[in-house]
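Chemist: My questions all concern the structure below.
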Amino acid sequence: MKNANNTITEPARETPIYKETDVLVVGGGPAGIMAALAAAESGVKVTLVEGRSHVGGNLTIGLPILGFLSQKKELIIKGLPQKLMDRMKALDAASDHQACPLHVSLTIIDPEMVKTVALDMLLQAGVDVQFYSMFADAIVEDDVIKGCIFQCKGRREAILARRVIDCTGDADVTFQAGAPCEKGDANGGMQPPTLMFRIDNVDTDKLRQSIAGEPGDYQMDFIPPDYFGKNSRFITVGLRNLIQKARADGIPVPTDRTIIITGIRRGEAWINMTRVKDIDGSDSHSLTQGEITARKQIEGIAKYLINYVPGFENAWFSMTAPFLGIRETRRVTGRYMLNRDDLLSCRKFDDAVAVGSYPIDIHRPNDNDCTLEWCGDCYDIPYGSLLPQKIGNLLVAGRCIGTTHEAMAGTRVMSTCMAIGEAAGRAAALSVTDGVAPASLDVAKLRATLRASGAYLRS
Ligand SMILES: Cc1cc2nc3c(=O)[nH]c(=O)nc-3n(C[C@H](O)[C@H](O)[C@H](O)COP(=O)(O)OP(=O)(O)OC[C@H]3O[C@@H](n4cnc5c(N)ncnc54)[C@H](O)[C@@H]3O)c2cc1C
């Protein structure tokens, strides 16, 4: 039964085929939602498979969407991502895009409503959405991906597809299909994960007016105090002196910066302050350790906020996000690897399929702080970064596209991931209808299709 190398040999089995589809999207986060919508809008059969009970990925963990606007305050994410925001806004479930000196722009969303609104859009577009199905394996023959196997409730099932788009965030499909991937910085260090949590009954007006009124007492990173005086929706980054005070009083706070995000409803504040080092978000055991450690950190952070931060005096802990937020795991070794210089030089590419502007924002793997670098304008996301090596009919979208560790720290925000998802979906559909491999696609035609459907590209 047990092999010498501490493994077992599973018996061969027949796996039922659930369906055959044109485009299979694995992962229903920001990238996957847009990839599936874009492909379906282009008229091909689309199936989206998600391991959890809902779509949304990190759109559901209490984060604002950053980067709809550029550093020059222009709208650079249009098309399907903006359509999702329009639907959310009509339900009071999303704010306007608001410029921010540090985060370029923030769009506050209701994490619960994303699940419903995005699902409605997918179903209306005719996407077959399957939940509770974890990607388990890639079916690969002669460097062509023929489909994927999923661990569904009770049994494994196969879905056969002509094109597959890997939107797992972790490049699970690409890795399993045998295409090369990378992980972390030069030492393999990855940005640490965070378990988001919500505190209710916060007087956010008192908080912002305190920062604006007494800047000497409430030191902020990068964002000038008068910004808080003018904006009722905001993200604080800083209050380092208050954390030091709390630590001196024996309260454990795992990060040097107080990151508070106003929620969509009055009195809600989402807290981005747990921080667990040395976690590999592509490994279940490591993820479990991350959840345990982050959950333990919340007590100290909540104590700190309630006792030291203005506006939190009458607040209470409300809820944690449904899962640990993973900033970084695998990145696909793309046909082009977008890098730090490309971002900082605002590089244009002939095969650009999306545009980003969010700065390089690295929560450093080895200490409690952050590296931030701005380019002053926008940078292109080239189609070559959506194409893994080796497997010709596989595309990738979202945070795991072909970038270096540094470039990923800019392209990872959810607006950019959505725009990349839309590009991948249109590319997959076009490659089916034109009968060519994604790598051989007429990129000028893809760009024209993206423009015609409302996506933003620079000239
Ligand atoms: C703590 C934290 C704070 C952040 N702050 C911000 C912020 O303020 N604003 C911002 O815009 N961005 C922020 N980001 C970055 C952003 O959230 C992510 O980079 C982005 O969500 C990536 O999108 P994605 O679609 O590639 O992946 P994800 O959002 O991770 O979605 C991946 C989806 O695939 C599914 N999936 C994964 N593996 C499998 C599998 N094997 N089988 C089936 N389904 C699978 C997941 O369940 C999930 O639904 C933050 C990230 C973290 C972790």
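By convention in this document, the chains of the structure tokens carry letters A, B, ... by their order, each chain's residues are numbered from 1, and ligands are numbered from 1 in the order they are shown.
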Return as JSON, numbers by chain the residues of protein, DNA or RNA that approach ligand 1 to within 8 Å, with only C-alpha atoms and all ligand atoms taken into account.

Modeler: {"A": [26, 27, 28, 29, 30, 31, 32, 33, 49, 50, 51, 52, 54, 55, 56, 57, 58, 59, 63, 64, 65, 66, 67, 106, 132, 133, 134, 135, 136, 150, 167, 168, 169, 170, 171, 172, 173, 193, 194, 195, 196, 272, 324, 325, 326, 327, 328, 397, 398, 399, 400, 411, 412, 413, 414, 415, 416, 417, 418, 421]}

Chemist: Write out, as a PDB file, in the first residue's frame, the residues just selected, with C-alpha atoms.

Modeler:
```
ATOM      1  CA  VAL A  26     -10.655  28.427 -14.080  1.00  0.00           C
ATOM      2  CA  GLY A  27     -11.093  30.802 -11.110  1.00  0.00           C
ATOM      3  CA  GLY A  28     -13.858  33.380 -10.694  1.00  0.00           C
ATOM      4  CA  GLY A  29     -12.008  36.349  -9.180  1.00  0.00           C
ATOM      5  CA  PRO A  30     -11.711  39.800 -10.821  1.00  0.00           C
ATOM      6  CA  ALA A  31      -9.792  38.354 -13.785  1.00  0.00           C
ATOM      7  CA  GLY A  32     -11.957  35.250 -14.198  1.00  0.00           C
ATOM      8  CA  ILE A  33     -15.274  37.126 -14.098  1.00  0.00           C
ATOM      9  CA  VAL A  49     -15.308  26.950 -12.630  1.00  0.00           C
ATOM     10  CA  GLU A  50     -14.739  28.284  -9.119  1.00  0.00           C
ATOM     11  CA  GLY A  51     -13.592  26.408  -6.041  1.00  0.00           C
ATOM     12  CA  ARG A  52     -15.570  28.510  -3.581  1.00  0.00           C
ATOM     13  CA  HIS A  54     -19.332  32.444  -5.053  1.00  0.00           C
ATOM     14  CA  VAL A  55     -17.545  34.512  -7.665  1.00  0.00           C
ATOM     15  CA  GLY A  56     -15.482  37.574  -6.775  1.00  0.00           C
ATOM     16  CA  GLY A  57     -12.182  36.273  -5.361  1.00  0.00           C
ATOM     17  CA  ASN A  58     -10.523  39.157  -3.535  1.00  0.00           C
ATOM     18  CA  LEU A  59     -13.358  41.499  -4.537  1.00  0.00           C
ATOM     19  CA  LEU A  63     -10.864  45.706  -0.274  1.00  0.00           C
ATOM     20  CA  PRO A  64     -11.475  48.805  -2.355  1.00  0.00           C
ATOM     21  CA  ILE A  65     -10.648  48.508  -6.044  1.00  0.00           C
ATOM     22  CA  LEU A  66      -7.516  50.515  -6.747  1.00  0.00           C
ATOM     23  CA  GLY A  67      -6.349  51.913 -10.067  1.00  0.00           C
ATOM     24  CA  LEU A 106      -9.973  53.986  -4.860  1.00  0.00           C
ATOM     25  CA  TYR A 132     -17.632  23.993  -5.292  1.00  0.00           C
ATOM     26  CA  SER A 133     -15.214  22.540  -7.864  1.00  0.00           C
ATOM     27  CA  MET A 134     -11.482  22.740  -7.216  1.00  0.00           C
ATOM     28  CA  PHE A 135      -9.115  22.469 -10.137  1.00  0.00           C
ATOM     29  CA  ALA A 136      -7.236  19.196  -9.652  1.00  0.00           C
ATOM     30  CA  PHE A 150     -11.977  19.145 -11.044  1.00  0.00           C
ATOM     31  CA  CYS A 167      -7.465  32.845 -13.562  1.00  0.00           C
ATOM     32  CA  THR A 168      -6.609  31.043 -10.314  1.00  0.00           C
ATOM     33  CA  GLY A 169      -4.253  33.807  -9.121  1.00  0.00           C
ATOM     34  CA  ASP A 170      -1.791  31.028  -8.252  1.00  0.00           C
ATOM     35  CA  ALA A 171      -1.216  29.783 -11.835  1.00  0.00           C
ATOM     36  CA  ASP A 172      -2.513  26.392 -10.661  1.00  0.00           C
ATOM     37  CA  VAL A 173      -3.509  25.302 -14.180  1.00  0.00           C
ATOM     38  CA  PRO A 193      -0.823  37.485   3.181  1.00  0.00           C
ATOM     39  CA  THR A 194      -3.413  39.379   5.235  1.00  0.00           C
ATOM     40  CA  LEU A 195      -6.704  38.241   6.770  1.00  0.00           C
ATOM     41  CA  MET A 196      -8.941  41.293   6.377  1.00  0.00           C
ATOM     42  CA  ASN A 272      -5.741  45.572   6.427  1.00  0.00           C
ATOM     43  CA  LEU A 324      -6.863  34.777   3.907  1.00  0.00           C
ATOM     44  CA  GLY A 325      -5.941  37.352   1.241  1.00  0.00           C
ATOM     45  CA  ILE A 326      -2.997  36.194  -0.840  1.00  0.00           C
ATOM     46  CA  ARG A 327      -0.866  38.885  -2.440  1.00  0.00           C
ATOM     47  CA  GLU A 328       1.647  36.743  -4.275  1.00  0.00           C
ATOM     48  CA  ALA A 397      -5.039  36.501 -16.577  1.00  0.00           C
ATOM     49  CA  GLY A 398      -4.919  38.288 -13.228  1.00  0.00           C
ATOM     50  CA  ARG A 399      -2.096  38.575 -10.746  1.00  0.00           C
ATOM     51  CA  CYS A 400      -0.177  35.532 -12.062  1.00  0.00           C
ATOM     52  CA  THR A 411      -0.214  44.995 -12.008  1.00  0.00           C
ATOM     53  CA  ARG A 412      -1.809  43.025  -9.147  1.00  0.00           C
ATOM     54  CA  VAL A 413      -4.567  45.514  -8.299  1.00  0.00           C
ATOM     55  CA  MET A 414      -8.094  44.431  -9.132  1.00  0.00           C
ATOM     56  CA  SER A 415      -8.932  47.028 -11.805  1.00  0.00           C
ATOM     57  CA  THR A 416      -5.872  45.988 -13.818  1.00  0.00           C
ATOM     58  CA  CYS A 417      -6.601  42.286 -13.225  1.00  0.00           C
ATOM     59  CA  MET A 418     -10.133  42.851 -14.553  1.00  0.00           C
ATOM     60  CA  GLY A 421      -9.192  39.285 -17.785  1.00  0.00           C
TER      61      GLY A 421
END
```

Chemist: I need the residues in stretch 161-333 of chain A that are strand (DSSP E or B) according to DSSP; give them as an MDAnalysis selection string.

Modeler: chainID A and resid 161:166 181:183 194 197:200 220 235:238 258:262 269:271 316:320 325 330:332

Chemist: Could you state the separation of atom CA of A:Val309 and atom CA of A:Met220 in Å, given to one decimal place?

Modeler: 12.9 Å

Chemist: I'd like the contact shell of A:Lys89 - 12 Å cut-off, only C-alpha atoms, skipping same-chain residues fewer than 5 positions apart - returned as a PyMOL selection string.

Modeler: chain A and resi 82-84+94-97+107-110+113-114+117+264

Chemist: Store the residues of this selection in a file with N, CA and C atoms, as a PDB file, in the first residue's frame.

Modeler:
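The new file again_2.pdb reads:
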```
ATOM      1  N   GLN A  82     -15.867  48.518 -15.950  1.00  0.00           N
ATOM      2  CA  GLN A  82     -16.677  49.709 -15.643  1.00  0.00           C
ATOM      3  C   GLN A  82     -18.169  49.356 -15.678  1.00  0.00           C
ATOM      4  N   LYS A  83     -18.551  48.411 -16.564  1.00  0.00           N
ATOM      5  CA  LYS A  83     -19.965  47.985 -16.599  1.00  0.00           C
ATOM      6  C   LYS A  83     -20.361  47.349 -15.270  1.00  0.00           C
ATOM      7  N   LEU A  84     -19.453  46.550 -14.706  1.00  0.00           N
ATOM      8  CA  LEU A  84     -19.725  45.950 -13.380  1.00  0.00           C
ATOM      9  C   LEU A  84     -19.900  47.063 -12.339  1.00  0.00           C
ATOM     10  N   ALA A  94     -21.386  50.549  -4.875  1.00  0.00           N
ATOM     11  CA  ALA A  94     -20.033  50.995  -5.253  1.00  0.00           C
ATOM     12  C   ALA A  94     -19.998  52.517  -5.226  1.00  0.00           C
ATOM     13  N   SER A  95     -18.827  53.049  -4.903  1.00  0.00           N
ATOM     14  CA  SER A  95     -18.651  54.512  -4.894  1.00  0.00           C
ATOM     15  C   SER A  95     -18.177  54.973  -6.271  1.00  0.00           C
ATOM     16  N   ASP A  96     -18.043  56.268  -6.428  1.00  0.00           N
ATOM     17  CA  ASP A  96     -17.335  56.803  -7.603  1.00  0.00           C
ATOM     18  C   ASP A  96     -15.854  56.437  -7.473  1.00  0.00           C
ATOM     19  N   HIS A  97     -15.124  56.589  -8.578  1.00  0.00           N
ATOM     20  CA  HIS A  97     -13.667  56.438  -8.498  1.00  0.00           C
ATOM     21  C   HIS A  97     -13.109  57.731  -7.910  1.00  0.00           C
ATOM     22  N   THR A 107     -12.022  52.823  -5.329  1.00  0.00           N
ATOM     23  CA  THR A 107     -13.443  52.645  -5.584  1.00  0.00           C
ATOM     24  C   THR A 107     -13.930  51.681  -4.517  1.00  0.00           C
ATOM     25  N   ILE A 108     -14.752  52.215  -3.595  1.00  0.00           N
ATOM     26  CA  ILE A 108     -15.204  51.389  -2.472  1.00  0.00           C
ATOM     27  C   ILE A 108     -16.383  50.533  -2.959  1.00  0.00           C
ATOM     28  N   ILE A 109     -16.377  49.259  -2.616  1.00  0.00           N
ATOM     29  CA  ILE A 109     -17.465  48.371  -3.072  1.00  0.00           C
ATOM     30  C   ILE A 109     -18.045  47.598  -1.893  1.00  0.00           C
ATOM     31  N   ASP A 110     -19.267  47.112  -2.091  1.00  0.00           N
ATOM     32  CA  ASP A 110     -19.885  46.231  -1.105  1.00  0.00           C
ATOM     33  C   ASP A 110     -19.470  44.799  -1.460  1.00  0.00           C
ATOM     34  N   MET A 113     -22.369  42.369  -2.334  1.00  0.00           N
ATOM     35  CA  MET A 113     -23.124  42.599  -3.565  1.00  0.00           C
ATOM     36  C   MET A 113     -22.346  42.176  -4.811  1.00  0.00           C
ATOM     37  N   VAL A 114     -21.011  42.195  -4.725  1.00  0.00           N
ATOM     38  CA  VAL A 114     -20.213  41.740  -5.881  1.00  0.00           C
ATOM     39  C   VAL A 114     -20.613  40.320  -6.254  1.00  0.00           C
ATOM     40  N   VAL A 117     -24.090  40.561  -8.060  1.00  0.00           N
ATOM     41  CA  VAL A 117     -24.138  41.343  -9.304  1.00  0.00           C
ATOM     42  C   VAL A 117     -23.272  40.675 -10.385  1.00  0.00           C
ATOM     43  N   ILE A 264     -18.492  50.701   2.538  1.00  0.00           N
ATOM     44  CA  ILE A 264     -19.531  51.379   1.750  1.00  0.00           C
ATOM     45  C   ILE A 264     -20.628  51.936   2.663  1.00  0.00           C
TER      46      ILE A 264
END
```

Chemist: If you run DSSP on the backbone, which residues of stretch 143-316 of chain A are helix (DSSP H, G or I), as a ChimeraX atom specification?

Modeler: /A:172-176,204-213,225-230,240-248,284-308

Chemist: Show which residues sit within 12 Å of A:Pro11, as an MDAnalysis selection string. Count only C-alpha atoms, and ignore same-chain residues fewer than 3 positions away.

Modeler: chainID A and resid 1 8 14

Chemist: Could you check the closest approach to A:Arg208 for each of A:Thr262, A:Gln176, A:Ser459, A:Thr433 and tell me which residue wins, using only C-alpha atoms?

Modeler: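 Ranking A:Thr262, A:Gln176, A:Ser459, A:Thr433 by distance to A:Arg208, first place goes to A:Thr262.
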
Chemist: List as a list in words the protein and nucleic acid residues near A:Val355, meaning an atom at most 9 Å away when only C-alpha atoms are counted, but skip any in the same chain fewer than 3 places from it.

Modeler: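 That gives Ile76, Ile77, Ala352, Cys378, Tyr379, Asp380, Ile381, Pro382, Thr416, Ala419, Ile420, Tyr456, Leu457 and Arg458 of chain A.
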
Chemist: Just the selected residues (N, CA and C atoms), exported as a PDB file, in the first residue's frame, please.

Modeler:
```
ATOM      1  N   ILE A  76      -8.679  54.858 -16.876  1.00  0.00           N
ATOM      2  CA  ILE A  76      -7.910  53.986 -17.791  1.00  0.00           C
ATOM      3  C   ILE A  76      -8.447  52.564 -17.806  1.00  0.00           C
ATOM      4  N   ILE A  77      -9.414  52.258 -16.941  1.00  0.00           N
ATOM      5  CA  ILE A  77     -10.044  50.930 -16.969  1.00  0.00           C
ATOM      6  C   ILE A  77     -11.501  51.174 -17.346  1.00  0.00           C
ATOM      7  N   ALA A 352      -0.044  45.838 -26.755  1.00  0.00           N
ATOM      8  CA  ALA A 352      -0.723  46.174 -25.493  1.00  0.00           C
ATOM      9  C   ALA A 352      -2.187  45.760 -25.533  1.00  0.00           C
ATOM     10  N   CYS A 378       1.142  56.070 -16.990  1.00  0.00           N
ATOM     11  CA  CYS A 378       0.578  54.725 -17.209  1.00  0.00           C
ATOM     12  C   CYS A 378       1.623  53.818 -17.842  1.00  0.00           C
ATOM     13  N   TYR A 379       1.383  52.535 -17.773  1.00  0.00           N
ATOM     14  CA  TYR A 379       2.215  51.555 -18.502  1.00  0.00           C
ATOM     15  C   TYR A 379       1.281  50.551 -19.168  1.00  0.00           C
ATOM     16  N   ASP A 380       1.772  49.960 -20.263  1.00  0.00           N
ATOM     17  CA  ASP A 380       0.968  48.963 -20.990  1.00  0.00           C
ATOM     18  C   ASP A 380       1.169  47.563 -20.420  1.00  0.00           C
ATOM     19  N   ILE A 381       0.138  46.747 -20.584  1.00  0.00           N
ATOM     20  CA  ILE A 381       0.262  45.304 -20.300  1.00  0.00           C
ATOM     21  C   ILE A 381       0.284  44.612 -21.665  1.00  0.00           C
ATOM     22  N   PRO A 382       1.408  43.975 -22.033  1.00  0.00           N
ATOM     23  CA  PRO A 382       1.483  43.369 -23.362  1.00  0.00           C
ATOM     24  C   PRO A 382       0.798  41.995 -23.405  1.00  0.00           C
ATOM     25  N   THR A 416      -6.778  46.473 -12.766  1.00  0.00           N
ATOM     26  CA  THR A 416      -5.872  45.988 -13.818  1.00  0.00           C
ATOM     27  C   THR A 416      -6.128  44.510 -14.100  1.00  0.00           C
ATOM     28  N   ALA A 419      -9.131  44.240 -16.284  1.00  0.00           N
ATOM     29  CA  ALA A 419      -8.862  44.616 -17.681  1.00  0.00           C
ATOM     30  C   ALA A 419      -8.078  43.511 -18.394  1.00  0.00           C
ATOM     31  N   ILE A 420      -7.138  42.908 -17.680  1.00  0.00           N
ATOM     32  CA  ILE A 420      -6.364  41.800 -18.268  1.00  0.00           C
ATOM     33  C   ILE A 420      -7.299  40.613 -18.536  1.00  0.00           C
ATOM     34  N   TYR A 456     -10.139  50.326 -22.745  1.00  0.00           N
ATOM     35  CA  TYR A 456      -9.234  51.463 -22.962  1.00  0.00           C
ATOM     36  C   TYR A 456      -7.841  50.959 -23.342  1.00  0.00           C
ATOM     37  N   LEU A 457      -7.327  51.487 -24.454  1.00  0.00           N
ATOM     38  CA  LEU A 457      -5.930  51.238 -24.834  1.00  0.00           C
ATOM     39  C   LEU A 457      -5.329  52.575 -25.242  1.00  0.00           C
ATOM     40  N   ARG A 458      -4.042  52.772 -24.986  1.00  0.00           N
ATOM     41  CA  ARG A 458      -3.392  54.001 -25.462  1.00  0.00           C
ATOM     42  C   ARG A 458      -3.154  53.843 -26.964  1.00  0.00           C
TER      43      ARG A 458
END
```

Chemist: Stretch 332-342 of chain A: which residues within 9 Å, counting only C-alpha atoms, same-chain residues fewer than 4 positions away excluded, as a PyMOL selection string?

Modeler: chain A and resi 170-171+174-175+179-183+346-348+360+379-389+396+400-408+410

Chemist: State, in Å with one decimal place, the distance from atom CA of A:Asp143 to atom CA of A:Arg331.

Modeler: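 Between atom CA of A:Asp143 and atom CA of A:Arg331 the gap is 19.3 Å.
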